[in-house]
Each structure stands twice: as structure tokens, then as C-alpha cells.
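A.B. asks: Okay, handing you the structure first.
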Amino acid sequence: MPLELLLVLVVGGIAGITLMMHLAGKSRVRTLTPESARSEWLRHVPDDDIIDVTVAHDGHSALIRTPAGNGLVWSFGADTVARHLLDFDWMDHPDGLEVFFHEFGTPKVLVRLDEFERQHWQHLLEPA
Amino acid sequence: MTDQVTFPDAVQWAIPFFIAAILAEFIWIAVKGKGGRYETRDSVTSLIMGAGNIASDLMVGFLIWAGFMWLWQITPLNLGTSIPVIILCFVLDDLRYYWVHRFGHRIRWVWASHVNHHSSQHYNLTTALRQTWTYSFTFMMVVRSPLILLGFHPAMVLFCGGVNLVYQFWIHTEAIKKMPRWFEAVMNTPSHHRAHHGRNARYLDCNYAGTFIIWDKLFGTFVPEQEDDKVDYGLVHNIGTFNPLRVAFHEWVGIWRDATQPGLTVRQRLAYCFAPPGYSHDGSRDNSEQIKAKHIARHPEDRGSPGFEQFETDMPNSQAKRV
Ligand SMILES: [Zn+2]
Ligand SMILES: [Zn+2]
């Protein structure tokens, strides 16, 4: 196949499909409830027991407390991703907290929190 | 020399069909309200991975071609390009695909390339195009050498491999539940391949087939999709990025970090590169056998069911016999 034609097909195809999906409303991000955060955590980490769940007000992240330590589950497009908070750092961010995982395939998450939540999450993340 | 054998590049010529089929599936799901899920960023990532796969083929393809043509020079065998030979070549190349794909799930070095095909939590026609950029790093193209040495022309071997990939495109869909029974028995189908994309303990390391599912039945890796165990698509540890560069290279970076950490023996370093995915020197990770065993501990009722055959069914009197 001539390279020009290949390029037109690939670029045009990707652009067209992207536009169609976006206009069809397929870019919406998953919203979590305490129940769905719990079931999503168990989907990712089926062996865990959950002590309690704290969902951020925007519904895009939840802190999971388990006997093995804290975990974070967050919206990832229409789905979710979950990680135990073992090898991680976090930093204050104007919109909440930024969590870094030291993992090339899962670099960081922005947890959006209001001022009230920020205090509570910081307390949960760093128990005395 | 009569090496003027040319075959079309099946994958490239199929691109218009890929685009049309994605549109058709998308509209089908929108109209029916079932049969799959689409998400913009997930699909865009998959499509970019597909484009990058074609680009990487263009970049290293001539090197691989040179190697194959060298093998063609040294082999005394030439089976020609008749239709029966092409069919035989396709079947044998499909067997080659089965083993390369099986290595792709059981050797971390090859998994580092293949992992990205499984890195989406979605399963639709765009997932089919989420292909590796790093296949050449695995050196798995050498598995094709025996075919060329047997007298199948390199152009024909590559053509058959391309047709195989095009065949596998349409099976990446939830819109088709089951094909006719005879078809499900012989061919790889949406149902069989859905199971292959599952992160459920039951479906780990099953259904490696390209076109013919018979290889899995022959080599003991076939697990039929179960009505009561809905496939959960993606990786055991799903990644949290849509960035194509991170998707393409994350497992290679993982191998590097694991194998170069201080204080390991050479054996442990090699295991981080070549053992089945999930290996760890300190037992901090689970491989697929351990994940299955943990599932059976939680769900003893699944003992002996498809995907858990290695865990014997506990009959009331088998307990006594084991004493
Ligand atoms: Zn696979
Ligand atoms: Zn697939």
C-alpha cells in the first residue's frame, strides 16, 4: 500500500472514530459510590477485607481501609484502577492531593478534595 | 533465481474494513443498548497502539525480511505457492502463532511485549488493534524459521501471519454471543477469545489460539467461557494510564527495575526476566497458579471446573484414600 494512503487512512480513521465517540458522550468518567467503590476494590483485590470506604466528593476516588493497610481506588475512564498505598508518595495540590506510585504504568493520580476532606484524608493517610 | 514471489500486506489492506467494522459495532451497541462498551480515551489509546504497531513493522520489517530471505537461500526445499501449499502454510503458521502466544503469557520477556494487548479493561473491536510496539525485542520471529526451512516462501509465511491477525480482529467483540456449534468447536471465536482476555482466576493462561481453537484442545489450555463466570477484561494488576508510550513500555521498565535491584542472585535476576509473570524473589507477588489456588481457597465449589482442573474435585471418599 502506498505510504501516503496508509497515513491518510490511519490518521483519518483515528480522528474520525475519536470525534464520533466523544460526540456520542463516551468520554464520561466513572462516578463512584461507597457501594461501587467497595465492589470495585474487591474486583481488583479479591482477597481483601474492607474496614471502611471514604469516597471523595467528586466521586472519582475512594480511600479503602483494609487490615493490610490503606488502598486507593479511582475512576479511570469508564472503569477503575486500584492500588494499595504501600510504595507511594503524596503531595499537596491546589485541588486536593496528588498520589505518586513509583510505577511506570500507573504514575500518579490527582485526588480532588475540598478543604474539609483534605484534613480528613491527610489524617487517614498518615496515622499518628 | 525465482524469488519474485509477492503477497499483499493483509493487515494494511484490511484497515478500511477495520474502520468500517468499528463504526458498525459502535452503532450496533448504541442502537441495541447492549453488546459491549466503548470509552473514548481507551479506544484512542488502542488505535494509536495499532498505528504504532504498523509503524514499528515498517521500521524493523526489512531486517526481519533480510533474515528470512537468508534462510530461504540456504534451504534446499521449495514447496511453491499453490493453493494447497498456502493452506498448509496457514495451518502450520497458526500452530506457530499458538506457541508464540503461549510463550507471550508464560515468559515475562515475551509478556513485556504482549501485555499491552491485554491492558484495556474494555473488549471491543478497537481492543483488537491494541498491538505491541516491541515484538522485535522478544526475538519471537525466529519461531517462523522452521516454516521457511521447510520450503514455505517467506512472503507466503508473512502473508499467512497477516491473514491470521486480520481473522482475529472480528473476534474482539461482545456483540456476538456464540457462533454455531461446529464453528465454536474448530475455530477461535468471540466467546473463546473473551475468556482469553479475562483476568478472572479461571481464565488465566487459556485459549492462546489464533484462528483454530483446536491447538488449545490439543495442548490442554482450552477453557470455554462460562455463563456463571462473566469475563472481567484486563490485567490482574490493571494499569492506570492511557499514555501510549507508558502502555507500550511499562512491563519492560518493570523488568529492568526488578532485575537490577541490589542484592539478588544471578538466578533471581534471570527469573525476573524469563520466569512466568508474577514471579518475585521474596514471594510478594502471585503468579497465575497462585492466583488460581487462592481463588479455590475462597471458592472451593469451583474445584475441578473449567480452568481449575488441576484442583481435584473433593469427592466424599477421596479424603479417605489420601491418608
Ligand atoms: Zn494474549
Ligand atoms: Zn485479543
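The chains in the C-alpha cells are called A, B, ... from first to last as shown; in each chain the residues are counted from 1, and the ligands are counted from 1 in the order shown.
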Could you list the residues in chain A lying within 10 Å of chain B, using only C-alpha atoms, and format the result as a VMD selection string?
C.D. replies: chain A and resid 1 to 2 6 to 7 9 to 29 43 to 47 74 to 83 103 to 109
A.B. asks: Residues within 10 Å of ligand 2 (only C-alpha atoms and all ligand atoms), as a ChimeraX atom specification?
C.D. replies: /B:114,117-118,123-125,127-131,165,168-173,190,193-197,208-210
A.B. asks: Please report the interatomic distance between CA of Asp258 in chain B and CA of Cys273 in chain B in Å with one decimal.
C.D. replies: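 Going from CA of Asp258 in chain B over to CA of Cys273 in chain B covers 8.5 Å.
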A.B. asks: Extract the full set of helix (DSSP H, G or I) residues from range 147-318 of chain B according to DSSP on the backbone, and format it as a PyMOL selection string.
C.D. replies: chain B and resi 147-149+154-169+181-186+190-196+201-203+214-219+244-259+266-274+288-298+300-302+318
A.B. asks: Write the residues of the selection above to a file with C-alpha atoms, as a short mmCIF file (atom, residue, chain, number, x, y, z; two decimals), in the first residue's frame.
C.D. replies:
data_model
loop_
_atom_site.label_atom_id
_atom_site.label_comp_id
_atom_site.auth_asym_id
_atom_site.auth_seq_id
_atom_site.Cartn_x
_atom_site.Cartn_y
_atom_site.Cartn_z
CA LEU B 147 8.49 -22.97 8.19
CA ILE B 148 10.88 -21.22 5.82
CA LEU B 149 13.46 -24.01 6.09
CA PRO B 154 8.96 -16.03 3.43
CA ALA B 155 6.45 -13.80 1.60
CA MET B 156 3.82 -16.54 1.92
CA VAL B 157 4.63 -17.13 5.61
CA LEU B 158 4.26 -13.41 6.37
CA PHE B 159 1.06 -13.24 4.31
CA CYS B 160 -0.43 -16.13 6.31
CA GLY B 161 0.55 -14.42 9.58
CA GLY B 162 -1.13 -11.23 8.37
CA VAL B 163 -4.32 -13.04 7.40
CA ASN B 164 -4.28 -14.67 10.85
CA LEU B 165 -4.15 -11.26 12.56
CA VAL B 166 -6.96 -9.98 10.34
CA TYR B 167 -9.02 -13.04 11.27
CA GLN B 168 -8.51 -12.27 14.97
CA PHE B 169 -9.89 -8.75 14.55
CA ARG B 181 -21.68 -25.24 17.49
CA TRP B 182 -19.45 -26.72 14.74
CA PHE B 183 -17.76 -23.36 14.31
CA GLU B 184 -17.11 -22.98 18.06
CA ALA B 185 -15.61 -26.50 18.04
CA VAL B 186 -12.95 -25.78 15.40
CA PRO B 190 -15.55 -14.14 20.20
CA SER B 191 -16.60 -16.41 23.09
CA HIS B 192 -13.26 -18.28 23.26
CA HIS B 193 -11.21 -15.13 22.93
CA ARG B 194 -13.26 -13.23 25.53
CA ALA B 195 -12.16 -15.89 28.00
CA HIS B 196 -8.55 -15.36 26.88
CA ALA B 201 -8.60 -16.67 38.05
CA ARG B 202 -10.45 -19.23 35.91
CA TYR B 203 -9.45 -17.68 32.62
CA ILE B 214 -8.05 -26.97 18.16
CA TRP B 215 -4.49 -26.22 19.34
CA ASP B 216 -5.76 -25.31 22.83
CA LYS B 217 -7.80 -28.50 22.93
CA LEU B 218 -4.77 -30.48 21.76
CA PHE B 219 -2.32 -28.94 24.24
CA PRO B 244 0.61 5.03 24.61
CA LEU B 245 4.32 5.28 25.49
CA ARG B 246 3.66 4.07 29.02
CA VAL B 247 1.35 1.33 27.73
CA ALA B 248 3.99 0.16 25.24
CA PHE B 249 6.95 0.09 27.61
CA HIS B 250 5.64 -0.34 31.17
CA GLU B 251 6.50 -4.02 31.56
CA TRP B 252 9.98 -3.54 30.06
CA VAL B 253 10.59 -0.84 32.66
CA GLY B 254 9.24 -3.22 35.31
CA ILE B 255 11.66 -5.96 34.23
CA TRP B 256 14.55 -3.52 34.32
CA ARG B 257 13.70 -2.25 37.81
CA ASP B 258 13.14 -5.76 39.19
CA ALA B 259 16.20 -7.37 37.64
CA VAL B 266 22.00 -14.10 39.10
CA ARG B 267 19.33 -16.80 39.15
CA GLN B 268 16.80 -14.39 40.66
CA ARG B 269 17.67 -11.69 38.13
CA LEU B 270 17.14 -14.14 35.27
CA ALA B 271 13.84 -15.27 36.79
CA TYR B 272 12.63 -11.65 36.80
CA CYS B 273 13.33 -11.60 33.05
CA PHE B 274 12.20 -15.04 31.94
CA SER B 288 -1.29 -17.43 37.81
CA GLU B 289 -1.04 -20.78 39.64
CA GLN B 290 -1.02 -18.99 42.99
CA ILE B 291 -3.93 -16.77 41.95
CA LYS B 292 -5.92 -19.86 40.96
CA ALA B 293 -5.04 -21.59 44.25
CA LYS B 294 -6.19 -18.56 46.24
CA HIS B 295 -9.43 -18.47 44.27
CA ILE B 296 -10.05 -22.14 45.05
CA ALA B 297 -9.39 -21.43 48.74
CA ARG B 298 -12.13 -18.76 48.64
CA PRO B 300 -13.92 -24.48 46.94
CA GLU B 301 -17.08 -25.13 44.90
CA ASP B 302 -15.11 -24.24 41.72
CA SER B 318 -11.28 -39.25 48.11
#
A.B. asks: In Å, with one decimal, what is the gap from CA of Gly96 in chain A to CA of Arg112 in chain A?
C.D. replies: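 Value for the CA of Gly96 in chain A-CA of Arg112 in chain A distance: 4.6 Å.
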A.B. asks: Can you measure CA of Pro276 in chain B to CA of Phe308 in chain B for me? One decimal in Å is fine.
C.D. replies: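 Atom-to-atom, CA of Pro276 in chain B to CA of Phe308 in chain B, that is 18.2 Å.
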A.B. asks: Check the smallest atom-to-atom distance from each of B:Gly220, B:Pro146, B:Pro180, B:Tyr98 to ligand 1 using only C-alpha atoms and all ligand atoms, then report the winner.
C.D. replies: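 Closest to ligand 1 of all the choices is B:Tyr98.
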A.B. asks: Can you pull out the residues contacting Asp114 in chain A? Cut-off 9 Å, using only C-alpha atoms, and skip same-chain residues under 6 positions away; I want them as a PDB file with all heavy atoms, in the first residue's frame.
C.D. replies:
ATOM      1  N   ALA A  56     -14.370  10.477  47.804  1.00  0.00           N
ATOM      2  CA  ALA A  56     -14.193  11.924  47.642  1.00  0.00           C
ATOM      3  C   ALA A  56     -15.479  12.525  47.065  1.00  0.00           C
ATOM      4  O   ALA A  56     -16.220  11.848  46.363  1.00  0.00           O
ATOM      5  CB  ALA A  56     -13.013  12.215  46.716  1.00  0.00           C
ATOM      6  N   HIS A  57     -15.702  13.838  47.334  1.00  0.00           N
ATOM      7  CA  HIS A  57     -16.993  14.444  46.975  1.00  0.00           C
ATOM      8  C   HIS A  57     -17.255  14.425  45.471  1.00  0.00           C
ATOM      9  O   HIS A  57     -18.394  14.422  45.048  1.00  0.00           O
ATOM     10  CB  HIS A  57     -17.084  15.878  47.518  1.00  0.00           C
ATOM     11  CG  HIS A  57     -16.221  16.853  46.761  1.00  0.00           C
ATOM     12  ND1 HIS A  57     -14.867  16.965  47.000  1.00  0.00           N
ATOM     13  CD2 HIS A  57     -16.515  17.715  45.761  1.00  0.00           C
ATOM     14  CE1 HIS A  57     -14.365  17.879  46.185  1.00  0.00           C
ATOM     15  NE2 HIS A  57     -15.335  18.342  45.418  1.00  0.00           N
ATOM     16  N   ASP A  95      -5.901  21.418  44.080  1.00  0.00           N
ATOM     17  CA  ASP A  95      -7.231  20.814  44.009  1.00  0.00           C
ATOM     18  C   ASP A  95      -7.402  19.616  44.943  1.00  0.00           C
ATOM     19  O   ASP A  95      -8.434  18.950  44.904  1.00  0.00           O
ATOM     20  CB  ASP A  95      -7.538  20.352  42.576  1.00  0.00           C
ATOM     21  CG  ASP A  95      -7.606  21.517  41.614  1.00  0.00           C
ATOM     22  OD1 ASP A  95      -8.022  22.608  42.066  1.00  0.00           O
ATOM     23  OD2 ASP A  95      -7.235  21.347  40.439  1.00  0.00           O
ATOM     24  N   GLY A  96      -6.390  19.318  45.733  1.00  0.00           N
ATOM     25  CA  GLY A  96      -6.529  18.165  46.620  1.00  0.00           C
ATOM     26  C   GLY A  96      -5.180  17.563  46.924  1.00  0.00           C
ATOM     27  O   GLY A  96      -4.276  18.237  47.405  1.00  0.00           O
TER      28      GLY A  96
END
A.B. asks: B:Phe103, B:Phe152, B:Trp109, B:Phe311: which is nearest ligand 1, counting only C-alpha atoms and all ligand atoms?
C.D. replies: B:Phe103
A.B. asks: Nearest to Leu113 in chain A: which of A:Thr54, A:Leu97, A:Val8, A:Thr33 is it, counting only C-alpha atoms?
C.D. replies: A:Leu97
